[in-house]
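Shown next: coords_11.pdb, containing PDB, C-alpha atoms and all ligand atoms.
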ATOM      1  CA  MET A  27      31.613  -5.028  12.697  1.00  0.00           C
ATOM      2  CA  ALA A  28      28.593  -7.314  13.237  1.00  0.00           C
ATOM      3  CA  PHE A  29      25.465  -5.604  14.499  1.00  0.00           C
ATOM      4  CA  LYS A  30      24.683  -6.532  18.115  1.00  0.00           C
ATOM      5  CA  LEU A  31      21.120  -6.968  19.347  1.00  0.00           C
ATOM      6  CA  ASP A  32      22.309  -5.717  22.766  1.00  0.00           C
ATOM      7  CA  SER A  33      22.708  -2.250  21.235  1.00  0.00           C
ATOM      8  CA  VAL A  34      18.956  -2.006  20.531  1.00  0.00           C
ATOM      9  CA  VAL A  35      16.120  -1.220  22.915  1.00  0.00           C
ATOM     10  CA  PRO A  36      13.171  -3.019  21.287  1.00  0.00           C
ATOM     11  CA  TRP A  37       9.947  -1.354  22.420  1.00  0.00           C
ATOM     12  CA  GLY A  38       6.830  -1.579  20.273  1.00  0.00           C
ATOM     13  CA  ARG A  39       3.617   0.326  19.749  1.00  0.00           C
ATOM     14  CA  ASN A  40       0.275  -0.860  18.340  1.00  0.00           C
ATOM     15  CA  MET A  41      -1.853  -0.039  15.285  1.00  0.00           C
ATOM     16  CA  GLU A  42      -4.130   2.390  17.137  1.00  0.00           C
ATOM     17  CA  GLU A  43      -1.067   4.366  18.212  1.00  0.00           C
ATOM     18  CA  TYR A  44       0.349   4.331  14.665  1.00  0.00           C
ATOM     19  CA  LYS A  45      -3.001   5.596  13.355  1.00  0.00           C
ATOM     20  CA  LEU A  46      -2.933   8.538  15.754  1.00  0.00           C
ATOM     21  CA  MET A  47       0.789   9.320  15.451  1.00  0.00           C
ATOM     22  CA  PHE A  48       0.716   9.302  11.644  1.00  0.00           C
ATOM     23  CA  ARG A  49      -2.828  10.624  11.168  1.00  0.00           C
ATOM     24  CA  LEU A  50      -3.629   7.581   9.010  1.00  0.00           C
ATOM     25  CA  ASN A  51      -7.191   7.864   7.655  1.00  0.00           C
ATOM     26  CA  ASP A  52      -9.168   5.024   6.031  1.00  0.00           C
ATOM     27  CA  SER A  53      -7.758   5.850   2.607  1.00  0.00           C
ATOM     28  CA  ASP A  54      -4.156   5.832   3.948  1.00  0.00           C
ATOM     29  CA  MET A  55      -4.788   2.505   5.690  1.00  0.00           C
ATOM     30  CA  SER A  56      -5.667   0.891   2.360  1.00  0.00           C
ATOM     31  CA  LYS A  57      -2.409   2.051   0.709  1.00  0.00           C
ATOM     32  CA  LYS A  58       0.893   0.241   0.331  1.00  0.00           C
ATOM     33  CA  ILE A  59       2.840   1.173   3.455  1.00  0.00           C
ATOM     34  CA  ALA A  60       6.486   0.696   4.451  1.00  0.00           C
ATOM     35  CA  GLY A  61       7.418   0.915   8.132  1.00  0.00           C
ATOM     36  CA  PHE A  62      11.072   1.791   8.790  1.00  0.00           C
ATOM     37  CA  GLY A  63      12.465   0.842  12.199  1.00  0.00           C
ATOM     38  CA  ASP A  64       9.175  -0.898  13.035  1.00  0.00           C
ATOM     39  CA  GLY A  65      10.997  -3.218  15.451  1.00  0.00           C
ATOM     40  CA  PRO A  66       8.619  -5.132  17.731  1.00  0.00           C
ATOM     41  CA  ALA A  67       5.578  -2.916  16.984  1.00  0.00           C
ATOM     42  CA  CYS A  68       2.424  -4.877  16.120  1.00  0.00           C
ATOM     43  CA  PHE A  69       1.283  -2.386  13.439  1.00  0.00           C
ATOM     44  CA  ASN A  70       2.212  -4.831  10.655  1.00  0.00           C
ATOM     45  CA  CYS A  71       0.466  -7.761  12.368  1.00  0.00           C
ATOM     46  CA  GLU A  72      -2.761  -5.842  13.090  1.00  0.00           C
ATOM     47  CA  MET A  73      -2.823  -4.309   9.598  1.00  0.00           C
ATOM     48  CA  THR A  74      -2.335  -7.736   8.016  1.00  0.00           C
ATOM     49  CA  GLU A  75      -5.289  -9.049  10.081  1.00  0.00           C
ATOM     50  CA  ARG A  76      -7.471  -6.378   8.432  1.00  0.00           C
ATOM     51  CA  ASN A  77      -6.066  -7.086   4.937  1.00  0.00           C
ATOM     52  CA  GLY A  78      -3.721  -4.108   4.951  1.00  0.00           C
ATOM     53  CA  ASN A  79      -0.486  -4.014   2.960  1.00  0.00           C
ATOM     54  CA  VAL A  80       2.484  -3.254   5.237  1.00  0.00           C
ATOM     55  CA  THR A  81       6.145  -4.178   4.857  1.00  0.00           C
ATOM     56  CA  SER A  82       8.337  -3.542   7.899  1.00  0.00           C
ATOM     57  CA  PHE A  83      12.100  -2.975   7.822  1.00  0.00           C
ATOM     58  CA  ASP A  84      14.419  -3.156  10.802  1.00  0.00           C
ATOM     59  CA  VAL A  85      17.904  -4.260  11.796  1.00  0.00           C
ATOM     60  CA  ILE A  86      16.484  -6.587  14.448  1.00  0.00           C
ATOM     61  CA  TYR A  87      14.776  -8.770  11.823  1.00  0.00           C
ATOM     62  CA  GLN A  88      18.102 -10.543  11.247  1.00  0.00           C
ATOM     63  CA  PHE A  89      17.564 -12.187  14.665  1.00  0.00           C
ATOM     64  CA  SER A  90      15.393 -15.131  15.638  1.00  0.00           C
ATOM     65  CA  LYS A  91      12.117 -14.878  17.513  1.00  0.00           C
ATOM     66  CA  SER A  92      13.711 -16.229  20.711  1.00  0.00           C
ATOM     67  CA  GLU A  93      16.641 -13.792  20.497  1.00  0.00           C
ATOM     68  CA  ILE A  94      14.283 -10.802  20.119  1.00  0.00           C
ATOM     69  CA  GLU A  95      12.023 -12.144  22.882  1.00  0.00           C
ATOM     70  CA  ARG A  96      15.005 -12.443  25.248  1.00  0.00           C
ATOM     71  CA  ARG A  97      16.140  -8.886  24.449  1.00  0.00           C
ATOM     72  CA  ILE A  98      12.612  -7.515  25.052  1.00  0.00           C
ATOM     73  CA  GLU A  99      12.555  -9.149  28.499  1.00  0.00           C
ATOM     74  CA  GLU A 100      16.027  -7.733  29.245  1.00  0.00           C
ATOM     75  CA  VAL A 101      15.107  -4.137  28.414  1.00  0.00           C
ATOM     76  CA  ARG A 102      11.611  -4.252  29.924  1.00  0.00           C
ATOM     77  CA  VAL A 103      12.784  -3.632  33.518  1.00  0.00           C
ATOM     78  CA  THR A 104      15.209  -0.844  32.545  1.00  0.00           C
ATOM     79  CA  VAL A 105      12.708   0.962  30.321  1.00  0.00           C
ATOM     80  CA  MET A 106       9.956   0.796  32.962  1.00  0.00           C
ATOM     81  CA  GLN A 107      12.399   2.041  35.620  1.00  0.00           C
ATOM     82  CA  GLN A 108      13.331   4.994  33.382  1.00  0.00           C
ATOM     83  CA  MET A 109       9.648   5.751  32.815  1.00  0.00           C
ATOM     84  CA  ARG A 110       9.032   5.710  36.580  1.00  0.00           C
ATOM     85  CA  GLU A 111      11.881   8.190  37.124  1.00  0.00           C
ATOM     86  CA  ASN A 112      10.678  10.509  34.341  1.00  0.00           C
ATOM     87  CA  MET A 113       6.891  10.323  34.771  1.00  0.00           C
ATOM     88  CA  ASP A 114       6.573  14.137  34.773  1.00  0.00           C
ATOM     89  CA  ASN A 115       7.840  14.279  31.195  1.00  0.00           C
ATOM     90  CA  TYR A 116       4.789  12.381  29.942  1.00  0.00           C
ATOM     91  CA  VAL A 117       1.086  13.119  29.411  1.00  0.00           C
ATOM     92  CA  TRP A 118      -0.958  10.493  31.290  1.00  0.00           C
ATOM     93  CA  LYS A 119      -4.220  11.091  29.402  1.00  0.00           C
ATOM     94  CA  ASN A 120      -4.731   8.210  26.966  1.00  0.00           C
ATOM     95  CA  ILE A 121      -2.442   5.904  28.923  1.00  0.00           C
ATOM     96  CA  LYS A 122      -3.266   6.529  32.576  1.00  0.00           C
ATOM     97  CA  SER A 123      -0.599   4.697  34.566  1.00  0.00           C
ATOM     98  CA  LEU A 124       2.732   2.916  34.391  1.00  0.00           C
ATOM     99  CA  ASP A 125       0.980  -0.450  34.758  1.00  0.00           C
ATOM    100  CA  GLU A 126      -1.310   0.340  31.835  1.00  0.00           C
ATOM    101  CA  LEU A 127       1.695   1.448  29.769  1.00  0.00           C
ATOM    102  CA  GLU A 128       3.576  -1.778  30.480  1.00  0.00           C
ATOM    103  CA  ASN A 129       0.479  -3.847  29.596  1.00  0.00           C
ATOM    104  CA  ILE A 130      -0.076  -1.998  26.306  1.00  0.00           C
ATOM    105  CA  ARG A 131       3.580  -2.248  25.253  1.00  0.00           C
ATOM    106  CA  MET A 132       3.994  -5.908  26.271  1.00  0.00           C
ATOM    107  CA  SER A 133       0.726  -6.901  24.601  1.00  0.00           C
ATOM    108  CA  ALA A 134       1.854  -5.161  21.360  1.00  0.00           C
ATOM    109  CA  MET A 135       5.234  -6.906  21.458  1.00  0.00           C
ATOM    110  CA  ARG A 136       3.687 -10.321  22.212  1.00  0.00           C
ATOM    111  CA  LYS A 137       1.423  -9.857  19.191  1.00  0.00           C
ATOM    112  CA  PHE A 138       4.476  -9.002  17.078  1.00  0.00           C
ATOM    113  CA  LEU A 139       6.380 -12.062  18.356  1.00  0.00           C
ATOM    114  CA  ALA A 140       3.453 -14.379  17.599  1.00  0.00           C
ATOM    115  CA  ASP A 141       3.345 -13.034  14.028  1.00  0.00           C
ATOM    116  CA  TYR A 142       7.095 -12.662  13.447  1.00  0.00           C
ATOM    117  CA  GLU A 143       8.103 -15.994  11.901  1.00  0.00           C
ATOM    118  CA  LYS A 144       5.054 -16.162   9.634  1.00  0.00           C
ATOM    119  CA  GLY A 145       5.505 -12.515   8.625  1.00  0.00           C
ATOM    120  CA  ARG A 146       9.188 -13.006   7.909  1.00  0.00           C
ATOM    121  CA  ALA A 147       8.407 -15.995   5.676  1.00  0.00           C
ATOM    122  CA  GLN A 148       5.789 -13.874   3.870  1.00  0.00           C
ATOM    123  CA  GLY A 149       8.305 -11.045   3.350  1.00  0.00           C
ATOM    124  CA  ARG A 150       6.462  -8.643   5.685  1.00  0.00           C
ATOM    125  CA  TYR A 151       9.402  -8.307   8.125  1.00  0.00           C
ATOM    126  CA  ILE A 152      12.602  -7.578   6.249  1.00  0.00           C
ATOM    127  CA  PHE A 153      16.070  -7.220   7.712  1.00  0.00           C
ATOM    128  CA  HIS A 154      17.390  -3.896   6.496  1.00  0.00           C
ATOM    129  CA  GLU A 155      19.668  -1.259   7.912  1.00  0.00           C
ATOM    130  CA  LEU A 156      19.058   2.351   6.930  1.00  0.00           C
ATOM    131  CA  PRO A 157      20.541   4.180   5.112  1.00  0.00           C
ATOM    132  CA  ASP A 158      21.542   1.181   2.942  1.00  0.00           C
ATOM    133  CA  ARG A 159      19.898   0.947  -0.474  1.00  0.00           C
ATOM    134  CA  LEU A 160      16.587  -0.921  -0.412  1.00  0.00           C
ATOM    135  CA  PRO A 161      15.905  -3.642  -2.995  1.00  0.00           C
ATOM    136  CA  TYR A 162      12.964  -1.687  -4.493  1.00  0.00           C
ATOM    137  CA  GLY A 163      12.439   0.701  -7.355  1.00  0.00           C
ATOM    138  CA  GLU A 164      11.234   4.286  -7.150  1.00  0.00           C
ATOM    139  CA  ASP A 165       7.808   4.989  -5.644  1.00  0.00           C
ATOM    140  CA  CYS A 166       7.197   1.339  -4.826  1.00  0.00           C
ATOM    141  CA  PHE A 167       5.358   2.311  -1.625  1.00  0.00           C
ATOM    142  CA  ASP A 168       2.666   4.971  -1.186  1.00  0.00           C
ATOM    143  CA  ILE A 169       3.643   5.946   2.364  1.00  0.00           C
ATOM    144  CA  GLY A 170       6.812   5.344   4.389  1.00  0.00           C
ATOM    145  CA  LEU A 171       6.579   5.634   8.174  1.00  0.00           C
ATOM    146  CA  SER A 172       9.156   6.052  10.910  1.00  0.00           C
ATOM    147  CA  SER A 173       7.974   6.040  14.517  1.00  0.00           C
ATOM    148  CA  HIS A 174      10.387   6.855  17.344  1.00  0.00           C
ATOM    149  CA  PHE A 175      13.477   6.309  15.280  1.00  0.00           C
ATOM    150  CA  LEU A 176      14.417   8.919  12.636  1.00  0.00           C
ATOM    151  CA  LEU A 177      15.006  12.459  13.949  1.00  0.00           C
ATOM    152  CA  MET A 178      14.798  11.057  17.488  1.00  0.00           C
ATOM    153  CA  TYR A 179      18.230   9.398  17.599  1.00  0.00           C
ATOM    154  CA  THR A 180      20.126  12.639  16.974  1.00  0.00           C
ATOM    155  CA  SER A 181      23.431  11.014  18.044  1.00  0.00           C
ATOM    156  CA  LEU A 182      23.405   9.159  14.687  1.00  0.00           C
ATOM    157  CA  GLY A 183      24.203  12.535  13.122  1.00  0.00           C
ATOM    158  CA  TYR A 184      22.892  14.833  10.404  1.00  0.00           C
ATOM    159  CA  ASP A 185      24.395  12.854   7.507  1.00  0.00           C
ATOM    160  CA  PHE A 186      22.765   9.607   8.673  1.00  0.00           C
ATOM    161  CA  HIS A 187      19.303  11.167   8.861  1.00  0.00           C
ATOM    162  CA  ILE A 188      19.632  12.881   5.475  1.00  0.00           C
ATOM    163  CA  ALA A 189      20.819   9.640   3.818  1.00  0.00           C
ATOM    164  CA  ALA A 190      18.141   7.488   5.506  1.00  0.00           C
ATOM    165  CA  MET A 191      15.277   9.826   4.631  1.00  0.00           C
ATOM    166  CA  THR A 192      16.594  10.287   1.063  1.00  0.00           C
ATOM    167  CA  GLU A 193      16.543   6.502   0.553  1.00  0.00           C
ATOM    168  CA  MET A 194      13.029   6.286   2.030  1.00  0.00           C
ATOM    169  CA  LEU A 195      11.916   9.053  -0.344  1.00  0.00           C
ATOM    170  CA  ARG A 196      13.334   7.133  -3.293  1.00  0.00           C
ATOM    171  CA  VAL A 197      11.077   4.109  -2.711  1.00  0.00           C
ATOM    172  CA  CYS A 198       8.066   5.957  -1.178  1.00  0.00           C
ATOM    173  CA  LYS A 199       5.829   8.670  -2.635  1.00  0.00           C
ATOM    174  CA  GLU A 200       5.703  10.333   0.768  1.00  0.00           C
ATOM    175  CA  ILE A 201       7.185   9.766   4.195  1.00  0.00           C
ATOM    176  CA  ARG A 202       5.878  10.554   7.669  1.00  0.00           C
ATOM    177  CA  ILE A 203       8.158  10.883  10.689  1.00  0.00           C
ATOM    178  CA  PHE A 204       6.936  10.988  14.283  1.00  0.00           C
ATOM    179  CA  PRO A 205       7.901  12.558  16.634  1.00  0.00           C
ATOM    180  CA  ILE A 206      10.109  15.455  15.581  1.00  0.00           C
ATOM    181  CA  VAL A 207      11.898  15.824  18.889  1.00  0.00           C
ATOM    182  CA  ASP A 208      14.979  14.053  20.258  1.00  0.00           C
ATOM    183  CA  LEU A 209      15.046  11.493  23.078  1.00  0.00           C
ATOM    184  CA  ASP A 210      14.779  14.343  25.634  1.00  0.00           C
ATOM    185  CA  ALA A 211      11.776  15.849  23.816  1.00  0.00           C
ATOM    186  CA  ASN A 212      13.845  18.785  22.499  1.00  0.00           C
ATOM    187  CA  LYS A 213      13.546  20.139  18.972  1.00  0.00           C
ATOM    188  CA  THR A 214      17.265  20.343  18.178  1.00  0.00           C
ATOM    189  CA  GLU A 215      19.242  22.396  15.679  1.00  0.00           C
ATOM    190  CA  MET A 216      19.977  19.153  13.798  1.00  0.00           C
ATOM    191  CA  ILE A 217      16.267  18.405  13.384  1.00  0.00           C
ATOM    192  CA  LYS A 218      15.664  21.947  12.071  1.00  0.00           C
ATOM    193  CA  SER A 219      18.542  21.545   9.575  1.00  0.00           C
ATOM    194  CA  VAL A 220      17.209  18.200   8.310  1.00  0.00           C
ATOM    195  CA  ILE A 221      13.774  19.767   7.708  1.00  0.00           C
ATOM    196  CA  GLU A 222      15.338  22.778   5.928  1.00  0.00           C
ATOM    197  CA  TYR A 223      17.330  20.410   3.707  1.00  0.00           C
ATOM    198  CA  PHE A 224      14.214  18.611   2.432  1.00  0.00           C
ATOM    199  CA  GLN A 225      12.251  21.866   2.034  1.00  0.00           C
ATOM    200  CA  ARG A 226      14.471  22.692  -0.970  1.00  0.00           C
ATOM    201  CA  ASP A 227      13.133  19.870  -3.173  1.00  0.00           C
ATOM    202  CA  TYR A 228      10.049  18.456  -1.483  1.00  0.00           C
ATOM    203  CA  GLU A 229       6.725  19.581  -0.081  1.00  0.00           C
ATOM    204  CA  VAL A 230       7.316  19.585   3.664  1.00  0.00           C
ATOM    205  CA  GLY A 231       4.576  19.958   6.244  1.00  0.00           C
ATOM    206  CA  ILE A 232       4.368  19.736  10.015  1.00  0.00           C
ATOM    207  CA  VAL A 233       0.957  18.828  11.398  1.00  0.00           C
ATOM    208  CA  THR A 234      -0.366  18.407  14.928  1.00  0.00           C
ATOM    209  CA  THR A 235      -1.447  14.931  15.990  1.00  0.00           C
ATOM    210  CA  GLU A 236      -3.920  13.759  18.590  1.00  0.00           C
ATOM    211  CA  TYR A 237      -1.167  11.523  19.922  1.00  0.00           C
ATOM    212  CA  GLU A 238       0.961  13.121  22.641  1.00  0.00           C
ATOM    213  CA  PHE A 239       2.655  10.899  25.171  1.00  0.00           C
ATOM    214  CA  GLN A 240       6.054  12.485  25.715  1.00  0.00           C
ATOM    215  CA  LYS A 241       5.210  16.147  26.519  1.00  0.00           C
ATOM    216  CA  GLY A 242       5.451  18.290  23.384  1.00  0.00           C
ATOM    217  CA  ASP A 243       5.807  15.355  20.984  1.00  0.00           C
ATOM    218  CA  ASN A 244       2.539  15.937  19.117  1.00  0.00           C
ATOM    219  CA  LYS A 245       3.985  17.027  15.791  1.00  0.00           C
ATOM    220  CA  LEU A 246       4.212  14.892  12.651  1.00  0.00           C
ATOM    221  CA  LEU A 247       6.555  15.635   9.754  1.00  0.00           C
ATOM    222  CA  ILE A 248       5.236  14.832   6.274  1.00  0.00           C
ATOM    223  CA  ILE A 249       7.534  15.022   3.223  1.00  0.00           C
ATOM    224  CA  ARG A 250       6.054  14.539  -0.253  1.00  0.00           C
ATOM    225  CA  LYS A 251       7.443  14.530  -3.736  1.00  0.00           C
ATOM    226  CA  LYS A 252       6.340  17.682  -5.594  1.00  0.00           C
TER     227      LYS A 252
HETATM  228  C1  LIG A 301      12.344   2.717  19.662  1.00  0.00           C
HETATM  229  S1  LIG A 301      12.212   1.473  18.425  1.00  0.00           S
HETATM  230  C2  LIG A 301      10.690   1.976  17.679  1.00  0.00           C
HETATM  231  C3  LIG A 301       9.870   0.789  17.224  1.00  0.00           C
HETATM  232  C4  LIG A 301       8.565   1.122  16.507  1.00  0.00           C
HETATM  233  N1  LIG A 301       8.773   1.987  15.371  1.00  0.00           N
HETATM  234  C5  LIG A 301       7.563   1.755  17.436  1.00  0.00           C
HETATM  235  O1  LIG A 301       7.402   2.982  17.440  1.00  0.00           O
HETATM  236  O2  LIG A 301       6.939   1.010  18.189  1.00  0.00           O
HETATM  237  C6  LIG A 301      13.434   1.951  17.232  1.00  0.00           C
HETATM  238  C7  LIG A 301      13.706   0.881  16.190  1.00  0.00           C
HETATM  239  O3  LIG A 301      14.642   1.378  15.228  1.00  0.00           O
HETATM  240  C8  LIG A 301      15.445   0.295  14.801  1.00  0.00           C
HETATM  241  N2  LIG A 301      16.685   0.787  14.165  1.00  0.00           N
HETATM  242  C9  LIG A 301      17.733   1.397  14.752  1.00  0.00           C
HETATM  243  N3  LIG A 301      18.681   1.708  13.841  1.00  0.00           N
HETATM  244  C10 LIG A 301      18.208   1.278  12.627  1.00  0.00           C
HETATM  245  C11 LIG A 301      18.725   1.330  11.288  1.00  0.00           C
HETATM  246  N4  LIG A 301      19.904   1.907  11.011  1.00  0.00           N
HETATM  247  N5  LIG A 301      17.968   0.807  10.293  1.00  0.00           N
HETATM  248  C12 LIG A 301      16.769   0.241  10.560  1.00  0.00           C
HETATM  249  N6  LIG A 301      16.238   0.156  11.799  1.00  0.00           N
HETATM  250  C13 LIG A 301      16.941   0.686  12.832  1.00  0.00           C
HETATM  251  C14 LIG A 301      15.688  -0.484  16.083  1.00  0.00           C
HETATM  252  O4  LIG A 301      16.102  -1.814  15.821  1.00  0.00           O
HETATM  253  C15 LIG A 301      14.338  -0.398  16.773  1.00  0.00           C
HETATM  254  O5  LIG A 301      13.522  -1.501  16.489  1.00  0.00           O
END
I need this file expressed as structure tokens, please.
Amino acid sequence: MAFKLDSVVPWGRNMEEYKLMFRLNDSDMSKKIAGFGDGPACFNCEMTERNGNVTSFDVIYQFSKSEIERRIEEVRVTVMQQMRENMDNYVWKNIKSLDELENIRMSAMRKFLADYEKGRAQGRYIFHELPDRLPYGEDCFDIGLSSHFLLMYTSLGYDFHIAAMTEMLRVCKEIRIFPIVDLDANKTEMIKSVIEYFQRDYEVGIVTTEYEFQKGDNKLLIIRKK
């Protein structure tokens, strides 16, 4: 069945947020990075502006700029309404209000849209659906990132997450997943099982981040080859 853009809620974060979520230091920022499920985040665009090396993968990159733009406008009202209804579940420290949140997110996504066609032509935005095999050899990337996608969408099931992260670990020397809670900010049994699975063969660490927006979502999972 063809993938439908209507099934995705494109909502993007910026480079500063990626830096905090993934604890990316100056040395990390100069490495070869793959972003999985980067969607309309402007991390790739902002990193490219500072001569970084980021390749982003997402199912939405099969669509045109105008199709993604239309979908962002469609979900904007619903997402902001949901945020309004669930304000108590969030920490309003770095981002102080709903208006500020909407401005930050929309400005990130506009930056992404302005960069999208050029980045796609340069091979920086690649249509790919996890857990499908990526067209790269082993350890092609230094760090693989997943923000607000893997471990969060628990309805995709244990097998999906294991297969997706296994494929990421084939092409990346290490992967970082943030956050490690589900959409309701709960650390589920499934998340614990996924972590236990990788602990058998990899170095697995959970570190605290300075980034905490959804209450309790300040933990980053790092998995490295031994
Ligand atoms: C909530 S967005 C997060 C965007 C970005 N990482 C950020 O934090 O700003 C989740 C992204 O995961 C992508 N996605 C969902 N299923 C996917 C799959 N099987 N393979 C690749 N990307 C997927 C969606 O298209 C969407 O862009």
Quiz prompt | Residues near stretch 104-117 of chain A, cut-off 6 Å, all atoms listed in the file, skip fewer than 5 positions along chain, as number ranges by chain | solution = A: 239-241
File dump, residues just selected, C-alpha atoms, as a tab-separated table (two decimals), in the coordinates of the input:
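Listing of out.tsv after writing:
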chain	number	residue	atom	x	y	z
A	239	PHE	CA	2.66	10.90	25.17
A	240	GLN	CA	6.05	12.48	25.72
A	241	LYS	CA	5.21	16.15	26.52
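Excluding A:Tyr237 itself and same-chain residues fewer than 3 positions from it, the residues having an atom within 8 Å of it are Glu43, Leu46, Met47 and Asn244 of chain A, counting only C-alpha atoms.
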Exercise. Report as a PyMOL selection string the full result of the PyMOL selection byres (((not hetatm)) within 9 of (chain A and resi 301)) when it is applied to this structure.
Key: chain A and resi 31+33-40+43-44+61-69+83-87+131+134-135+153-158+171-176+178-179+182+186+190+204
Quiz item: What does the distance between atom CA of A:Lys252 and atom CA of A:Val207 come to in Å, to one decimal place?
Solution: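 About the pair atom CA of A:Lys252 and atom CA of A:Val207: they are 25.2 Å apart.
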Quiz prompt | Distance in Å - atom CA of A:Ile232 versus atom CA of A:Leu246 | solution = 5.5 Å
Quiz prompt | For A:Tyr228, the nearest of the candidates A:Glu200, A:Glu93, A:Asp185, A:Glu143, counting only C-alpha atoms | solution =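 Of all the options, A:Glu200 lies closest to A:Tyr228.
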Self-check item: Long-range neighbours of A:Gln148 as a PyMOL selection string, 12 Å cut-off, all atoms listed in the file, 5 positions minimum in chain
Solution: chain A and resi 70-71+74+79-82+141-143
Generate the output file for the selected residues, C-alpha atoms, as a PDB file, in the coordinates of the input.
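What follows is the written file selection13.pdb:
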ATOM      1  CA  ASN A  70       2.212  -4.831  10.655  1.00  0.00           C
ATOM      2  CA  CYS A  71       0.466  -7.761  12.368  1.00  0.00           C
ATOM      3  CA  THR A  74      -2.335  -7.736   8.016  1.00  0.00           C
ATOM      4  CA  ASN A  79      -0.486  -4.014   2.960  1.00  0.00           C
ATOM      5  CA  VAL A  80       2.484  -3.254   5.237  1.00  0.00           C
ATOM      6  CA  THR A  81       6.145  -4.178   4.857  1.00  0.00           C
ATOM      7  CA  SER A  82       8.337  -3.542   7.899  1.00  0.00           C
ATOM      8  CA  ASP A 141       3.345 -13.034  14.028  1.00  0.00           C
ATOM      9  CA  TYR A 142       7.095 -12.662  13.447  1.00  0.00           C
ATOM     10  CA  GLU A 143       8.103 -15.994  11.901  1.00  0.00           C
TER      11      GLU A 143
END
Quiz prompt | Distance criterion (only C-alpha atoms): nearest to A:Ile206 out of A:Lys218, A:Glu42, A:Asp227, A:Leu177 | solution = A:Leu177
Practice problem: Identify, on the basis of all atoms listed in the file, every residue whose closest approach to A:Lys251 does not exceed 12 Å; exclude the query and any residue fewer than 2 positions from it along the same chain; express the result as an MDAnalysis selection string. | Solution: chainID A and resid 164:165 168:169 192 194:201 224:231 248:249
Self-check item: Pick from A:Asp243, A:Phe167, A:Phe48, A:Arg250, whichever lies nearest to A:Ile203 using all atoms listed in the file
Solution: A:Phe48
Self-check item: Distance criterion (all atoms listed in the file): nearest to A:Leu247 out of A:Gly163, A:Gly145, A:Gly183, A:Gly170
Solution: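 Of all the options, A:Gly170 lies closest to A:Leu247.
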Quiz item: Rounded to one decimal in Å, what is the spacing between atom CA of A:Lys119 and atom CA of A:Glu72?
Solution: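 According to the coordinates, atom CA of A:Lys119 and atom CA of A:Glu72 are separated by 23.6 Å.
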Let me have the centre and edge lengths of the axis-aligned box enclosing all listed atoms of stretch 137-152 of chain A with 5 Å padding on every side, in Å to one decimal, as AutoDock Vina command-line options.
--center_x 7.0 --center_y -11.9 --center_z 11.3 --size_x 21.2 --size_y 18.6 --size_z 25.8
